[in-house]
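Have a look at the structure below, then the notes.
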Amino acid sequence: IGVHPTNWLSIESGFSLYRMSGMNVIDLPFETRDPLMGPFFSIMVPLQLVLEAQAGNVTLRAKGGGFGYYNFDTRINYGNMDRAMREYYELEVVNSDLKYDNKIGWGYLVGGEIIFYFADKFGINFEVNYLAGGSDLNYRGNITGGGSNDPVETRYVEYKDARLDFTGWEITIGVLFDTKR
C-alpha cells in the first residue's frame, strides 16, 4: 500500500505476519547467544520512504523507515533461560519461573529491492531489509537453584531493563501481478 507523489518516490506501508522460532533478549546482566523468547507470532507494520529507478524491465528500489510490531502467543524459552542463569549465578541446577511484559515494539529498517518484469502485469521481486528494533520485557519472578554442596534456595530476581532484540535480516522473494507500471 503506498502513495506515489512522483515516478521515483513513494511512501509505503503494509503488514507482515511472522512465525518467530526464537529471539534473543538484551540488557540482561548475563549474555547468551541462545534465544530466550520463543516460539511466537509477530505482526509487523512498516512505514517507509522508497526511492525508485527503472531501466528497461528492471526496477531498483532503496527503502528506509520505521516499523512497529506486536507479538502474541509469546513464550519464554525456559531451557535456554535456565542454562544462562545457571552459568551466571554459578549454580549446578536452576529452575526459573518468570513473568514479563508483552509490549508493542518499534525500530527502524533499511533495505533494497530489485524487480524483474517479464510482462506488463507480471514480475518477480527480491528484497532484503535490515531491521533493528526492540521492546521492553521487564522480567521478574523467582529462580530456584543450588549445587551439590549448597542448599537449594529460591530468590526473587528482577531485570527491568531486559529488551526483546527484534534485530535481523528480512529476505523476501515474491511474485507481482497487475503491477500497473
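Simple scheme: letters A, B, ... for chains in C-alpha cells order, numbers from 1 for residues in each chain, numbers from 1 for ligands in the order shown.
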
For this session: Can you pull out every residue within 12 Å of segment 118-131 of chain A, counting only C-alpha atoms, but drop anything in the same chain fewer than 3 positions away, and send it as an MDAnalysis selection string?
Result: chainID A and resid 44:46 48 56:69 106:115 134 165:181

Problem set entry | Exercise: Met85 of chain A partners within 9 Å, only C-alpha atoms, chain neighbours under 5 positions left out, as a PyMOL selection string | chain A and resi 30+80+90-91+94-96+143

Hey, which bits of segment 64-129 of chain A sit within 9 Å of segment 148-161 of chain A, and for each residue what's the closest pair of atoms and how far apart in Å (one decimal), counting only C-alpha atoms, rows by chain and increasing number, as a tab-separated table?
residue	atom	partner	partner_atom	distance
A:Leu91	CA	A:Asp150	CA	8.8
A:Glu92	CA	A:Ser148	CA	7.3
A:Val93	CA	A:Val152	CA	8.8
A:Leu98	CA	A:Val157	CA	8.6

Dump of C-alpha atoms for the selected residues, as a PDB file, in the first residue's frame:
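Here's the written file result-v8.pdb:
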ATOM      1  CA  LEU A  91      24.859 -22.984  40.287  1.00  0.00           C
ATOM      2  CA  GLU A  92      24.551 -26.590  39.197  1.00  0.00           C
ATOM      3  CA  VAL A  93      20.765 -26.527  38.840  1.00  0.00           C
ATOM      4  CA  LEU A  98       9.400 -15.559  35.338  1.00  0.00           C
TER       5      LEU A  98
END

Problem set entry | Pairwise distance for atom CA of Thr32 of chain A and atom CA of Ala84 of chain A, rounded to one decimal in Å | 6.4 Å

Exercise. Looking only at the backbone, which of the residues in chain A does DSSP tag as strand (DSSP E), as an MDAnalysis selection string?
Worked result: chainID A and resid 2:3 9:13 16:20 25:26 40:55 58:72 93:99 105:119 122:136 139:146 153:159 163:177

For this session: Write out as a count of residues only each polymer residue whose atoms come within 8 Å of segment 73-79 of chain A, counting only C-alpha atoms; drop sequence neighbours fewer than 6 positions from it.
Result: 9

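Interatomic distance, atom CA of Asn71 of chain A to atom CA of Ile104 of chain A: 7.6 Å.
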
Problem set entry | Point-to-point distance from atom CA of Ser42 of chain A to atom CA of Tyr18 of chain A, Å rounded to tenths | 5.1 Å
